[in-house]
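A.B. asks: Structure supplied as target.cif; contents: mmCIF, C-alpha atoms and all ligand atoms.
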data_upload
#
loop_
_atom_site.label_atom_id
_atom_site.label_comp_id
_atom_site.auth_asym_id
_atom_site.auth_seq_id
_atom_site.Cartn_x
_atom_site.Cartn_y
_atom_site.Cartn_z
CA MET A 237 7.02 -17.16 -15.78
CA LYS A 238 6.94 -13.92 -13.79
CA ALA A 239 5.12 -10.84 -15.08
CA LEU A 240 7.87 -8.67 -13.55
CA GLU A 241 11.19 -9.47 -11.96
CA PHE A 242 13.53 -6.94 -10.32
CA SER A 243 16.97 -8.32 -9.38
CA ASN A 244 19.10 -6.09 -7.17
CA VAL A 245 18.13 -2.91 -9.03
CA SER A 246 19.69 0.43 -8.01
CA LEU A 247 19.43 3.95 -9.41
CA SER A 248 20.93 7.21 -8.12
CA PHE A 249 20.29 10.79 -9.20
CA GLY A 250 23.49 12.69 -8.47
CA GLY A 251 24.19 11.88 -4.85
CA ILE A 252 20.66 10.64 -4.09
CA VAL A 253 20.15 6.88 -4.05
CA ALA A 254 16.50 6.71 -5.15
CA VAL A 255 16.32 2.91 -5.52
CA ASP A 256 18.78 0.82 -3.55
CA GLY A 257 19.25 -2.88 -4.34
CA VAL A 258 15.58 -3.64 -4.92
CA SER A 259 14.55 -7.24 -5.66
CA PHE A 260 10.97 -8.49 -5.98
CA ASP A 261 8.71 -10.15 -8.49
CA ILE A 262 5.09 -10.21 -9.60
CA ALA A 263 3.43 -13.49 -10.57
CA ARG A 264 1.00 -13.55 -13.49
CA GLY A 265 -2.38 -12.21 -12.40
CA GLU A 266 -0.96 -10.87 -9.15
CA VAL A 267 -1.50 -7.34 -7.78
CA VAL A 268 1.54 -5.95 -5.94
CA CYS A 269 1.47 -2.52 -4.29
CA LEU A 270 4.58 -0.43 -3.72
CA LEU A 271 3.80 1.44 -0.54
CA GLY A 272 5.82 3.96 1.42
CA PRO A 273 6.23 7.57 2.50
CA SER A 274 6.97 10.43 0.11
CA GLY A 275 10.43 10.20 -1.46
CA CYS A 276 11.05 6.52 -0.59
CA GLY A 277 11.52 5.54 -4.25
CA LYS A 278 8.12 4.10 -5.29
CA THR A 279 7.65 6.15 -8.45
CA THR A 280 11.27 5.67 -9.51
CA THR A 281 10.80 1.88 -9.13
CA LEU A 282 7.69 2.05 -11.31
CA ARG A 283 9.47 4.26 -13.86
CA LEU A 284 12.30 1.70 -13.99
CA ALA A 285 9.74 -1.03 -14.75
CA ALA A 286 8.22 1.21 -17.44
CA GLY A 287 11.58 1.90 -19.09
CA LEU A 288 11.33 5.65 -18.34
CA GLU A 289 14.53 5.29 -16.29
CA ALA A 290 17.43 2.85 -16.75
CA PRO A 291 19.00 1.11 -13.74
CA ASP A 292 22.62 1.82 -12.76
CA THR A 293 22.96 -1.80 -11.68
CA GLY A 294 20.76 -4.90 -11.54
CA SER A 295 18.30 -6.25 -14.07
CA ILE A 296 14.59 -6.10 -14.84
CA GLY A 297 12.62 -8.84 -16.58
CA ILE A 298 9.10 -8.52 -17.97
CA ALA A 299 7.07 -11.61 -18.94
CA GLY A 300 10.17 -13.77 -19.01
CA ARG A 301 12.25 -11.39 -21.19
CA ILE A 302 15.05 -9.14 -20.07
CA ALA A 303 13.90 -5.50 -20.29
CA ALA A 304 16.83 -3.70 -18.64
CA GLY A 305 20.31 -4.50 -17.34
CA ASN A 306 23.02 -6.83 -18.65
CA GLY A 307 23.51 -4.50 -21.61
CA HIS A 308 19.79 -4.35 -22.51
CA ASN A 309 17.39 -1.43 -22.38
CA VAL A 310 14.09 -2.14 -24.12
CA PRO A 311 12.21 1.15 -24.80
CA PRO A 312 8.85 1.67 -23.00
CA GLU A 313 6.69 1.14 -26.11
CA LYS A 314 8.26 -2.29 -26.67
CA ARG A 315 7.74 -3.56 -23.12
CA ASN A 316 4.09 -4.58 -23.57
CA LEU A 317 2.89 -2.44 -20.63
CA GLY A 318 -0.28 -0.61 -19.68
CA LEU A 319 0.38 2.68 -17.90
CA VAL A 320 -2.03 4.70 -15.75
CA PHE A 321 -0.71 7.85 -14.09
CA GLN A 322 -2.26 10.22 -11.55
CA ASP A 323 -3.32 12.74 -14.18
CA TYR A 324 -4.69 9.97 -16.48
CA ALA A 325 -2.90 11.61 -19.47
CA LEU A 326 -5.84 11.11 -21.85
CA PHE A 327 -5.32 12.59 -25.31
CA PRO A 328 -7.41 15.79 -25.12
CA HIS A 329 -8.03 16.01 -28.88
CA LEU A 330 -9.37 12.43 -29.15
CA THR A 331 -12.81 11.22 -28.09
CA VAL A 332 -13.22 8.65 -25.33
CA ALA A 333 -13.65 5.88 -27.94
CA GLU A 334 -10.56 7.06 -29.86
CA ASN A 335 -8.55 7.18 -26.63
CA VAL A 336 -9.54 3.62 -25.74
CA GLY A 337 -8.91 2.42 -29.31
CA PHE A 338 -5.53 4.16 -29.56
CA ALA A 339 -3.47 1.07 -28.86
CA LEU A 340 -5.74 -1.10 -31.06
CA ARG A 341 -4.96 0.69 -34.34
CA HIS A 342 -3.57 -2.55 -35.75
CA LEU A 343 -7.05 -4.14 -35.66
CA PRO A 344 -9.55 -3.82 -38.56
CA ALA A 345 -11.95 -0.89 -37.95
CA GLN A 346 -15.04 -3.01 -37.22
CA GLN A 347 -13.19 -5.29 -34.78
CA ARG A 348 -11.63 -2.25 -33.08
CA ARG A 349 -15.04 -0.57 -32.67
CA GLU A 350 -16.50 -3.72 -31.10
CA ARG A 351 -13.59 -4.13 -28.69
CA VAL A 352 -13.74 -0.46 -27.63
CA GLN A 353 -17.50 -0.71 -27.12
CA ALA A 354 -17.12 -3.89 -25.02
CA LEU A 355 -14.47 -2.20 -22.85
CA LEU A 356 -16.57 0.93 -22.36
CA GLU A 357 -19.56 -1.24 -21.43
CA ARG A 358 -17.39 -3.05 -18.92
CA VAL A 359 -16.92 0.23 -17.01
CA GLY A 360 -20.42 1.61 -17.64
CA LEU A 361 -19.29 4.29 -20.10
CA GLU A 362 -20.84 2.89 -23.30
CA SER A 363 -22.76 6.14 -23.91
CA HIS A 364 -19.65 8.33 -23.46
CA GLY A 365 -17.68 7.12 -26.50
CA GLY A 366 -18.22 10.35 -28.48
CA GLN A 367 -17.31 12.70 -25.64
CA TYR A 368 -13.96 14.45 -25.18
CA PRO A 369 -11.88 14.06 -21.99
CA TYR A 370 -12.73 17.59 -20.72
CA MET A 371 -16.41 16.54 -20.54
CA LEU A 372 -15.70 13.68 -18.09
CA SER A 373 -15.77 13.66 -14.31
CA GLY A 374 -12.61 12.59 -12.47
CA GLY A 375 -13.98 9.09 -11.87
CA GLU A 376 -15.02 8.68 -15.51
CA ALA A 377 -11.61 9.87 -16.77
CA GLN A 378 -9.94 7.38 -14.42
CA ARG A 379 -12.02 4.53 -15.88
CA VAL A 380 -11.25 5.60 -19.46
CA ALA A 381 -7.51 5.72 -18.66
CA LEU A 382 -7.76 2.27 -17.11
CA VAL A 383 -9.53 0.59 -20.06
CA ARG A 384 -7.30 2.41 -22.54
CA ALA A 385 -4.28 0.86 -20.82
CA LEU A 386 -5.95 -2.57 -20.58
CA ALA A 387 -7.19 -2.60 -24.20
CA PRO A 388 -4.11 -4.25 -25.78
CA GLU A 389 -4.00 -6.83 -22.93
CA PRO A 390 -0.51 -5.88 -21.72
CA ALA A 391 1.79 -8.29 -19.91
CA LEU A 392 1.96 -5.86 -16.99
CA MET A 393 -0.11 -2.91 -15.78
CA LEU A 394 1.70 -0.06 -14.01
CA LEU A 395 -0.50 2.27 -11.96
CA ASP A 396 0.98 5.32 -10.22
CA GLU A 397 -1.33 6.71 -7.51
CA PRO A 398 -4.31 6.16 -9.83
CA PHE A 399 -6.90 7.30 -7.31
CA SER A 400 -5.19 10.30 -5.77
CA ASN A 401 -7.12 12.83 -7.87
CA LEU A 402 -10.48 11.45 -6.75
CA ASP A 403 -12.32 12.67 -3.69
CA THR A 404 -12.26 10.30 -0.73
CA ARG A 405 -15.89 9.22 -1.19
CA LEU A 406 -15.27 8.11 -4.78
CA ARG A 407 -11.85 6.61 -4.10
CA GLY A 408 -13.14 3.52 -2.28
CA ASP A 409 -15.80 2.74 -4.92
CA ILE A 410 -13.51 3.29 -7.90
CA GLY A 411 -10.74 1.34 -6.19
CA ARG A 412 -13.09 -1.66 -5.79
CA GLU A 413 -14.32 -1.37 -9.40
CA THR A 414 -10.77 -1.08 -10.70
CA LEU A 415 -9.67 -4.13 -8.77
CA LEU A 416 -12.63 -6.15 -10.10
CA LEU A 417 -11.82 -5.16 -13.66
CA LEU A 418 -8.11 -5.93 -13.28
CA ARG A 419 -8.93 -9.33 -11.76
CA ASP A 420 -11.53 -10.01 -14.43
CA MET A 421 -8.97 -9.40 -17.14
CA GLY A 422 -6.33 -11.43 -15.32
CA ALA A 423 -3.98 -8.44 -15.32
CA SER A 424 -0.61 -8.49 -13.53
CA VAL A 425 -0.32 -5.20 -11.69
CA LEU A 426 2.26 -2.99 -10.02
CA LEU A 427 0.44 -0.19 -8.19
CA VAL A 428 2.11 2.72 -6.38
CA THR A 429 0.39 4.28 -3.40
CA HIS A 430 1.31 6.07 -0.18
CA ASP A 431 -2.00 5.06 1.44
CA PRO A 432 -1.72 1.90 3.61
CA GLU A 433 -5.48 1.29 3.53
CA GLU A 434 -5.57 1.47 -0.25
CA ALA A 435 -2.65 -0.98 -0.45
CA MET A 436 -4.37 -3.35 1.99
CA ARG A 437 -7.61 -3.22 -0.02
CA MET A 438 -6.00 -3.70 -3.42
CA ALA A 439 -2.89 -5.84 -3.07
CA ASP A 440 -2.18 -9.56 -3.03
CA ARG A 441 1.21 -8.52 -1.68
CA ILE A 442 2.52 -5.20 -0.40
CA ALA A 443 6.16 -4.13 -0.83
CA LEU A 444 6.81 -1.48 1.81
CA MET A 445 9.67 0.85 0.85
CA HIS A 446 11.86 3.08 2.99
CA LYS A 447 14.83 5.14 1.76
CA GLY A 448 15.03 3.33 -1.58
CA LYS A 449 14.85 -0.20 -0.15
CA ILE A 450 12.03 -2.72 0.23
CA VAL A 451 11.88 -3.25 3.99
CA GLN A 452 9.21 -5.97 3.92
CA ILE A 453 7.10 -7.68 1.29
CA GLY A 454 4.13 -9.90 2.00
CA SER A 455 0.35 -10.00 2.37
CA ALA A 456 -1.42 -7.18 4.18
CA ASP A 457 -1.95 -9.54 7.10
CA GLU A 458 1.74 -10.46 7.30
CA LEU A 459 2.86 -6.83 7.36
CA TYR A 460 0.19 -5.83 9.87
CA ALA A 461 0.51 -8.80 12.22
CA CYS A 462 4.22 -9.63 11.85
CA PRO A 463 6.11 -6.41 11.07
CA GLN A 464 9.85 -6.92 10.73
CA ASN A 465 10.80 -3.63 12.34
CA GLY A 466 9.39 -0.52 14.00
CA PHE A 467 9.06 1.35 10.70
CA VAL A 468 6.73 -1.33 9.28
CA ALA A 469 4.74 -1.53 12.54
CA ARG A 470 4.28 2.26 12.65
CA PHE A 471 3.35 2.58 8.98
CA PHE A 472 0.01 0.77 9.37
CA GLY A 473 -1.54 3.20 11.83
CA ASP A 474 -1.36 4.58 15.31
CA ILE A 475 0.77 2.60 17.74
CA ASN A 476 1.73 2.78 21.44
CA VAL A 477 5.40 2.69 22.43
CA LEU A 478 7.02 1.65 25.71
CA HIS A 479 10.74 1.46 26.40
CA ALA A 480 12.34 -1.53 28.07
CA VAL A 481 15.63 -3.25 28.86
CA VAL A 482 16.27 -6.87 27.84
CA ARG A 483 17.27 -9.36 30.54
CA ARG A 484 17.64 -13.08 29.89
CA GLY A 485 15.61 -13.00 26.67
CA ARG A 486 12.73 -10.89 28.02
CA ALA A 487 12.06 -7.17 27.67
CA GLU A 488 11.21 -5.83 31.11
CA THR A 489 8.76 -2.98 31.65
CA PRO A 490 7.06 -1.82 34.84
CA PHE A 491 3.88 -3.40 33.45
CA GLY A 492 5.15 -6.91 32.77
CA THR A 493 7.74 -8.62 30.63
CA VAL A 494 7.54 -9.80 27.04
CA PRO A 495 9.66 -12.34 25.17
CA ALA A 496 12.58 -10.83 23.24
CA PRO A 497 14.60 -13.93 22.36
CA ALA A 498 16.42 -12.27 19.46
CA LEU A 499 17.79 -9.40 21.55
CA PRO A 500 20.99 -9.53 23.63
CA ASP A 501 21.13 -8.98 27.36
CA GLY A 502 21.15 -5.29 28.26
CA ALA A 503 19.74 -4.15 24.88
CA MET A 504 17.43 -1.15 24.93
CA ALA A 505 14.17 -2.30 23.39
CA GLU A 506 11.01 -0.60 22.22
CA ILE A 507 7.72 -2.36 22.76
CA LEU A 508 4.97 -1.54 20.29
CA PHE A 509 1.28 -2.41 20.34
CA ARG A 510 -1.68 -1.02 18.48
CA PRO A 511 -4.60 0.74 20.20
CA GLU A 512 -6.90 -2.04 18.97
CA ALA A 513 -4.69 -4.68 20.66
CA LEU A 514 -5.72 -3.47 24.11
CA GLN A 515 -8.49 -5.36 25.85
CA ALA A 516 -10.61 -4.64 28.86
CA GLY A 517 -11.83 -7.09 31.48
CA ILE A 518 -9.36 -9.86 30.65
CA GLU A 519 -6.78 -10.98 33.18
CA ALA A 520 -3.27 -10.47 31.85
CA SER A 521 -1.50 -13.74 31.26
CA GLU A 522 1.89 -13.74 32.90
CA LYS A 523 3.52 -13.11 29.53
CA GLY A 524 1.33 -10.19 28.46
CA LEU A 525 1.19 -6.63 29.67
CA CYS A 526 -1.25 -5.34 32.25
CA LEU A 527 -1.59 -1.59 32.03
CA ARG A 528 -3.30 0.17 34.92
CA GLY A 529 -4.00 3.84 34.95
CA LYS A 530 -6.43 6.73 34.94
CA VAL A 531 -8.66 7.57 32.03
CA VAL A 532 -7.73 10.96 30.53
CA SER A 533 -10.49 10.93 27.95
CA ALA A 534 -12.87 8.41 26.42
CA ARG A 535 -15.25 8.68 23.51
CA ARG A 536 -17.40 6.33 21.50
CA ILE A 537 -16.63 6.50 17.78
CA GLY A 538 -18.78 4.09 15.78
CA ALA A 539 -18.53 0.62 17.27
CA ASP A 540 -15.34 1.42 19.20
CA CYS A 541 -14.53 3.23 22.38
CA HIS A 542 -11.42 5.39 22.02
CA ILE A 543 -9.63 5.83 25.34
CA GLU A 544 -6.59 7.82 26.40
CA MET A 545 -5.14 6.52 29.64
CA LEU A 546 -2.26 7.77 31.77
CA ILE A 547 -0.25 4.84 33.13
CA ARG A 548 2.70 6.82 34.48
CA ASP A 549 3.64 10.46 34.63
CA ASP A 550 6.78 9.89 32.56
CA VAL A 551 5.05 7.83 29.83
CA ALA A 552 2.89 9.42 27.11
CA PRO A 553 -0.80 8.51 27.56
CA LEU A 554 -1.72 5.20 25.94
CA ARG A 555 -4.35 5.03 23.25
CA ALA A 556 -6.82 2.16 23.24
CA ARG A 557 -9.62 1.31 20.82
CA ILE A 558 -11.98 -1.22 22.34
CA ARG A 559 -15.06 -2.78 20.81
CA ASP A 560 -18.28 -3.19 22.83
CA PHE A 561 -17.03 -1.26 25.81
CA GLY A 562 -18.98 1.64 27.27
CA PRO A 563 -16.90 4.82 27.48
CA PRO A 564 -15.52 5.12 31.03
CA SER A 565 -15.52 8.54 32.70
CA ALA A 566 -12.45 10.76 32.81
CA GLY A 567 -10.48 10.09 35.98
CA GLU A 568 -11.78 6.52 36.35
CA GLU A 569 -9.22 3.80 37.21
CA LEU A 570 -8.89 1.19 34.49
CA ALA A 571 -6.84 -1.94 33.81
CA LEU A 572 -6.22 -2.91 30.19
CA THR A 573 -4.25 -5.86 28.91
CA VAL A 574 -2.37 -6.76 25.76
CA ARG A 575 -1.81 -10.34 24.69
CA PRO A 576 1.77 -11.34 23.89
CA GLN A 577 0.97 -12.16 20.25
CA ASN A 578 -0.09 -8.53 19.71
CA ILE A 579 3.13 -7.04 21.08
CA PHE A 580 6.13 -6.25 18.87
CA VAL A 581 9.60 -5.91 20.36
CA PHE A 582 12.49 -4.29 18.47
CA THR A 583 15.81 -2.70 19.39
CA ARG A 584 15.65 1.05 19.84
P1 LIG B 1 6.18 10.47 -3.75
O1 LIG B 1 5.22 9.58 -3.01
O2 LIG B 1 6.38 11.79 -3.09
O3 LIG B 1 5.90 10.56 -5.22
P2 LIG B 1 8.20 8.42 -4.18
O4 LIG B 1 8.27 7.39 -3.11
O5 LIG B 1 7.49 8.06 -5.43
O6 LIG B 1 7.65 9.77 -3.59
P3 LIG B 1 10.42 9.02 -5.89
O7 LIG B 1 9.66 9.99 -6.73
O8 LIG B 1 10.72 7.70 -6.48
O9 LIG B 1 9.72 8.81 -4.49
O10 LIG B 1 11.79 9.72 -5.46
C1 LIG B 1 12.81 9.05 -4.71
C2 LIG B 1 13.97 10.02 -4.49
O11 LIG B 1 14.62 10.29 -5.72
C3 LIG B 1 13.54 11.36 -3.94
O12 LIG B 1 14.53 11.81 -3.06
C4 LIG B 1 13.47 12.24 -5.16
O13 LIG B 1 13.70 13.60 -4.85
C5 LIG B 1 14.59 11.67 -6.01
N1 LIG B 1 14.34 11.81 -7.46
C6 LIG B 1 13.36 11.22 -8.16
N2 LIG B 1 13.42 11.52 -9.47
C7 LIG B 1 14.49 12.36 -9.60
C8 LIG B 1 15.12 13.03 -10.72
N3 LIG B 1 14.65 12.88 -11.95
N4 LIG B 1 16.20 13.79 -10.46
C9 LIG B 1 16.71 13.91 -9.21
N5 LIG B 1 16.18 13.31 -8.13
C10 LIG B 1 15.09 12.55 -8.31
#
Now that the file is in, can you turn its structure into structure tokens?
C.D. replies:
Amino acid sequence: MKALEFSNVSLSFGGIVAVDGVSFDIARGEVVCLLGPSGCGKTTTLRLAAGLEAPDTGSIGIAGRIAAGNGHNVPPEKRNLGLVFQDYALFPHLTVAENVGFALRHLPAQQRRERVQALLERVGLESHGGQYPYMLSGGEAQRVALVRALAPEPALMLLDEPFSNLDTRLRGDIGRETLLLLRDMGASVLLVTHDPEEAMRMADRIALMHKGKIVQIGSADELYACPQNGFVARFFGDINVLHAVVRRGRAETPFGTVPAPALPDGAMAEILFRPEALQAGIEASEKGLCLRGKVVSARRIGADCHIEMLIRDDVAPLRARIRDFGPPSAGEELALTVRPQNIFVFTR
């Protein structure tokens, strides 16, 4: 039984198609991140799962029951969900303990107190039960919102940019803690973020969205190492681009040819490779690229050497990030190679 199942769900606002034929599912105990640029439809997808919007077409199932579509529209409070939004939305007039116990009102008082205390202990806030939300730091408020949503053990947790109000230093730590807690409680999670690193840290699978559609769904490694198009490849960080023409199943560049079996003869192709895919001191295999040029700038940053290299006057300087490689001087001649498995070829 799936914790969440979207089947061909669409929703438009006036003329804007916010969610366009989206299908995906979340297994029990799985963490799926909706990732994508601003306006791509992530929040609308989450709001559809929450029941805050109704789909125009398609259906949504939660924990094996139809929640929306086919004539159904189960209201949010009946969907057995835990919701955490950016602003945490804690009740300002209730204490921390009352906030966490809010969804446990059906339990006898003693049992409710014990459960609230256990949850607060789980996130290190056992001494904050009597405080009001305005007395909490951003990180503490985030943890209260999280355990409040988890308290009734919902079938599905929906988190919309839950770390975006935290400063960058805290974000990593709280993200790790949150993930541990969600895993510990066996929660099934749909998390919205626009930050690829956050998605890669948190998710079992990432659904990358663009213009209302899911363009690729898979593990962080699948999306990073086997992007299905240039949008996916570009979304996970800086990337170098060369242009090429396809002849007899290979994209030809002045620096070597790469396999392009899916592209027709004469197609204009773009060849993409990440700065970290470039290597120094390795002979190019006949199928890889060998890029020779002059160093424009080079700088050590942490363990890596960041190099900008001009390979041709009519091509933007390439960026390389190479481990264990002393920074060369500006103007020095350099040959860098890229292995075929690290090169992506798409039509332009
Ligand atoms: P962000 O990361 O900026 O929050 P998002 O990926 O979550 O973006 P959505 O908020 O889902 O994107 O919006 C998708 C599209 O639908 C956008 O073009 C947005 O302007 C539009 N949209 C969303 N909600 C409404 C609404 N209630 N009325 C009209 N248009 C809307």
A.B. asks: Mind giving me the straight-line distance from atom N2 of ligand LIG 1 (chain B) to atom CA of Glu289 of chain A in Å, one decimal?
C.D. replies: 9.3 Å
A.B. asks: Could you produce a table of the residues of chain A lying within 12 Å of ligand LIG 1 (chain B), with the nearest pair of atoms per residue and their separation in Å rounded to one decimal, using all atoms listed in the file, ordered by chain and increasing residue number, as JSON lines?
C.D. replies:
{"residue": "A:Ser246", "atom": "CA", "partner": "B:LIG1", "partner_atom": "O11", "distance": 11.3}
{"residue": "A:Leu247", "atom": "CA", "partner": "B:LIG1", "partner_atom": "O11", "distance": 8.8}
{"residue": "A:Ser248", "atom": "CA", "partner": "B:LIG1", "partner_atom": "O11", "distance": 7.4}
{"residue": "A:Phe249", "atom": "CA", "partner": "B:LIG1", "partner_atom": "C9", "distance": 4.7}
{"residue": "A:Gly250", "atom": "CA", "partner": "B:LIG1", "partner_atom": "C9", "distance": 6.9}
{"residue": "A:Gly251", "atom": "CA", "partner": "B:LIG1", "partner_atom": "N5", "distance": 8.8}
{"residue": "A:Ile252", "atom": "CA", "partner": "B:LIG1", "partner_atom": "O11", "distance": 6.3}
{"residue": "A:Val253", "atom": "CA", "partner": "B:LIG1", "partner_atom": "O11", "distance": 6.7}
{"residue": "A:Ala254", "atom": "CA", "partner": "B:LIG1", "partner_atom": "O11", "distance": 4.1}
{"residue": "A:Val255", "atom": "CA", "partner": "B:LIG1", "partner_atom": "C1", "distance": 7.1}
{"residue": "A:Asp256", "atom": "CA", "partner": "B:LIG1", "partner_atom": "C1", "distance": 10.2}
{"residue": "A:Leu270", "atom": "CA", "partner": "B:LIG1", "partner_atom": "O4", "distance": 8.7}
{"residue": "A:Leu271", "atom": "CA", "partner": "B:LIG1", "partner_atom": "O4", "distance": 7.9}
{"residue": "A:Gly272", "atom": "CA", "partner": "B:LIG1", "partner_atom": "O4", "distance": 6.2}
{"residue": "A:Pro273", "atom": "CA", "partner": "B:LIG1", "partner_atom": "O1", "distance": 6.0}
{"residue": "A:Ser274", "atom": "CA", "partner": "B:LIG1", "partner_atom": "O2", "distance": 3.5}
{"residue": "A:Gly275", "atom": "CA", "partner": "B:LIG1", "partner_atom": "O9", "distance": 3.4}
{"residue": "A:Cys276", "atom": "CA", "partner": "B:LIG1", "partner_atom": "O4", "distance": 3.9}
{"residue": "A:Gly277", "atom": "CA", "partner": "B:LIG1", "partner_atom": "O8", "distance": 3.2}
{"residue": "A:Lys278", "atom": "CA", "partner": "B:LIG1", "partner_atom": "O4", "distance": 3.9}
{"residue": "A:Thr279", "atom": "CA", "partner": "B:LIG1", "partner_atom": "O5", "distance": 3.6}
{"residue": "A:Thr280", "atom": "CA", "partner": "B:LIG1", "partner_atom": "O8", "distance": 3.7}
{"residue": "A:Thr281", "atom": "CA", "partner": "B:LIG1", "partner_atom": "O8", "distance": 6.4}
{"residue": "A:Leu282", "atom": "CA", "partner": "B:LIG1", "partner_atom": "O8", "distance": 8.0}
{"residue": "A:Arg283", "atom": "CA", "partner": "B:LIG1", "partner_atom": "O8", "distance": 8.2}
{"residue": "A:Leu284", "atom": "CA", "partner": "B:LIG1", "partner_atom": "O8", "distance": 9.7}
{"residue": "A:Leu288", "atom": "CA", "partner": "B:LIG1", "partner_atom": "N3", "distance": 10.2}
{"residue": "A:Glu289", "atom": "CA", "partner": "B:LIG1", "partner_atom": "N3", "distance": 8.7}
{"residue": "A:Ala290", "atom": "CA", "partner": "B:LIG1", "partner_atom": "N3", "distance": 11.5}
{"residue": "A:Phe321", "atom": "CA", "partner": "B:LIG1", "partner_atom": "O3", "distance": 11.4}
{"residue": "A:Gln322", "atom": "CA", "partner": "B:LIG1", "partner_atom": "O3", "distance": 10.3}
{"residue": "A:Leu395", "atom": "CA", "partner": "B:LIG1", "partner_atom": "O5", "distance": 11.8}
{"residue": "A:Asp396", "atom": "CA", "partner": "B:LIG1", "partner_atom": "O5", "distance": 8.5}
{"residue": "A:Glu397", "atom": "CA", "partner": "B:LIG1", "partner_atom": "O1", "distance": 8.4}
{"residue": "A:Ser400", "atom": "CA", "partner": "B:LIG1", "partner_atom": "O1", "distance": 10.8}
{"residue": "A:Leu427", "atom": "CA", "partner": "B:LIG1", "partner_atom": "O5", "distance": 11.2}
{"residue": "A:Val428", "atom": "CA", "partner": "B:LIG1", "partner_atom": "O5", "distance": 7.6}
{"residue": "A:Thr429", "atom": "CA", "partner": "B:LIG1", "partner_atom": "O1", "distance": 7.2}
{"residue": "A:His430", "atom": "CA", "partner": "B:LIG1", "partner_atom": "O1", "distance": 6.0}
{"residue": "A:Asp431", "atom": "CA", "partner": "B:LIG1", "partner_atom": "O1", "distance": 9.6}
{"residue": "A:Ala443", "atom": "CA", "partner": "B:LIG1", "partner_atom": "O4", "distance": 11.9}
{"residue": "A:Leu444", "atom": "CA", "partner": "B:LIG1", "partner_atom": "O4", "distance": 10.2}
{"residue": "A:Met445", "atom": "CA", "partner": "B:LIG1", "partner_atom": "O4", "distance": 7.8}
{"residue": "A:His446", "atom": "CA", "partner": "B:LIG1", "partner_atom": "O4", "distance": 8.3}
{"residue": "A:Lys447", "atom": "CA", "partner": "B:LIG1", "partner_atom": "C1", "distance": 7.8}
{"residue": "A:Gly448", "atom": "CA", "partner": "B:LIG1", "partner_atom": "C1", "distance": 6.9}
{"residue": "A:Lys449", "atom": "CA", "partner": "B:LIG1", "partner_atom": "O4", "distance": 10.5}
{"residue": "A:Ile450", "atom": "CA", "partner": "B:LIG1", "partner_atom": "O4", "distance": 11.3}
A.B. asks: Give me the residues near Glu241 of chain A as a list in words, where near means some atom within 7 Å (using only C-alpha atoms) and where sequence neighbours in that chain fewer than 4 positions away do not count.
C.D. replies: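 The neighbour list is Phe260, Asp261, Ile262, Ile296, Gly297 and Ile298 of chain A.
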A.B. asks: Of the candidates A:Asp420, A:Thr331, A:Pro398, A:Arg349, which shows the shortest atom-to-atom distance to Gly366 of chain A, using all atoms listed in the file?
C.D. replies: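 Under the stated criterion, the closest residue is A:Thr331.
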A.B. asks: Do you have the atom CA of Val574 of chain A-atom CA of Ile543 of chain A distance handy?
C.D. replies: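 Spanning atom CA of Val574 of chain A to atom CA of Ile543 of chain A is a straight-line distance of 14.5 Å.
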A.B. asks: If you measure from atom CA of Leu382 of chain A to atom CA of Pro344 of chain A, what distance in Å do you get, rounded to one decimal?
C.D. replies: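 Answer for the atom CA of Leu382 of chain A to atom CA of Pro344 of chain A separation: 22.4 Å.
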A.B. asks: Using all atoms listed in the file, which of A:Asp560, A:Leu392, A:Val551, A:Leu355 sits nearest Ala539 of chain A?
C.D. replies: A:Asp560
A.B. asks: Given all atoms listed in the file as the basis, pick out the residue of A:Ile537, A:Val332, A:Ile579, A:Leu317 nearest to Ala285 of chain A.
C.D. replies: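 Going through A:Ile537, A:Val332, A:Ile579, A:Leu317 one by one, the smallest distance to Ala285 of chain A is for A:Leu317.
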A.B. asks: Near Arg486 of chain A, counting all atoms listed in the file, which residues have an atom at most 7 Å away, once you skip same-chain residues fewer than 6 positions from it, shown as a CSV table (one decimal) with C-alpha atoms, in the coordinates of the input?
C.D. replies:
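The result, written out as result.csv:
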chain,number,residue,atom,x,y,z
A,493,THR,CA,7.7,-8.6,30.6
A,494,VAL,CA,7.5,-9.8,27.0
A,495,PRO,CA,9.7,-12.3,25.2
A,496,ALA,CA,12.6,-10.8,23.2
A,497,PRO,CA,14.6,-13.9,22.4
A.B. asks: Find the nearest atom pair between each residue of segment 452-512 of chain A and segment 528-535 of chain A for residues within 12 Å, count all atoms listed in the file, give distances in Å to one decimal, sort rows by chain and ascending number, and present the table as CSV.
C.D. replies:
residue,atom,partner,partner_atom,distance
A:Pro490,CA,A:Arg528,CA,10.5
A:Phe491,CA,A:Arg528,CA,8.2
A:Gly492,CA,A:Arg528,CA,11.2
A.B. asks: Rebuild segment 439-443 of chain A to N, CA and C atoms - output it as a compact mmCIF listing (two decimals), in the frame of the given file, please.
C.D. replies:
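As a result, result-v6.txt now contains:
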# COMPACT_ATOMS: atom_id res chain seq x y z
N ALA A 439 -4.05 -5.01 -2.73
CA ALA A 439 -2.89 -5.84 -3.07
C ALA A 439 -3.01 -7.30 -2.67
N ASP A 440 -2.45 -8.20 -3.48
CA ASP A 440 -2.18 -9.56 -3.03
C ASP A 440 -0.97 -9.52 -2.11
N ARG A 441 0.04 -8.73 -2.54
CA ARG A 441 1.21 -8.52 -1.68
C ARG A 441 1.57 -7.04 -1.69
N ILE A 442 2.08 -6.59 -0.55
CA ILE A 442 2.52 -5.20 -0.40
C ILE A 442 4.03 -5.21 -0.25
N ALA A 443 4.71 -4.34 -1.03
CA ALA A 443 6.16 -4.13 -0.83
C ALA A 443 6.31 -2.77 -0.18
